[in-house]
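Chemist: Take a look at this one; I'll ask things after.
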Amino acid sequence: SVAIYGLVAASISHSAYGRDAEPRSNIHAGEVIAVIDGDTIDILAGDEPVRIRLEGIDAPEDGQAFGAQAKQALSRAIFATHIEAIEVDRDRWGWIIGRVHIGKRDVNLAMIRAGMAWHYIEFSDEKALADAQAEAKDKRRRLWRDDDPTPPWEYRKQQRTEAAE
């Protein structure tokens, strides 16, 4: 619904650039050309497409409750927008794991605050993300409306188990 996208957009427009942010090196800037899912985007950096996974968050998967809504919320908030991603790491496929910003607004934090993603505590111990998730859960935003939502990492594990049977 429009309210979902408005909450993400409002969170993005009101999120401060984190004080604990990485130094401004390894910055990838460009226009968002694709939103793969609720935590993965492609940008056009110069003439090259670059895949970026949003650091510290894990959004519901396609086929999982709120998976489509998370992708739509991220898309409406940032598609065709110029972003900067501060590279924090690379994943096993060589994709950038980064903190995504529109100006000084933290997109990763906004997705959690809107109840569209989990704080991915296996890979992040950032207090701001943990606090945003606690607030979203307390206010029962989006995926937290379910009494016991399944985290994406558990959903993926279940899918692998079923595929192996």
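Letters for chains follow the order of the structure tokens (A, B, ...), residue numbers begin at 1 for each chain, and ligand numbers begin at 1 in the order shown.
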Would you return as a count of residues only the members of chain A that DSSP assigns to strand (DSSP E) on this structure's backbone?

Modeler: 46

Chemist: Would you please work out which residue, of A:Asp106, A:Glu154, A:Glu48, A:Glu135, is nearest to Ala77 in chain A when using only C-alpha atoms?

Modeler: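 Using only C-alpha atoms, the shortest distance to Ala77 in chain A belongs to A:Asp106.
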
Chemist: Which residue out of A:Thr81, A:Gly67, A:Ile33, A:Leu54 has the minimum interatomic distance to Leu109 in chain A when only C-alpha atoms are used?

Modeler: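 Closest candidate: A:Leu54.
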
Chemist: Neighbours of range 159-165 of chain A within 12 Å (only C-alpha atoms; same-chain residues fewer than 3 positions away dropped), as a ChimeraX atom specification?

Modeler: /A:61-64,152-156

Chemist: Report as a list of chain:residue names: the residues of range 71-110 of chain A with a DSSP assignment of helix (DSSP H, G or I), based on the backbone of this structure.

Modeler: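 Taking range 71-110 of chain A and keeping helix (DSSP H, G or I) gives A:Lys71, A:Gln72, A:Ala73, A:Leu74, A:Ser75, A:Arg76, A:Ala77, A:Ile78, A:Val107, A:Asn108, A:Leu109, A:Ala110.
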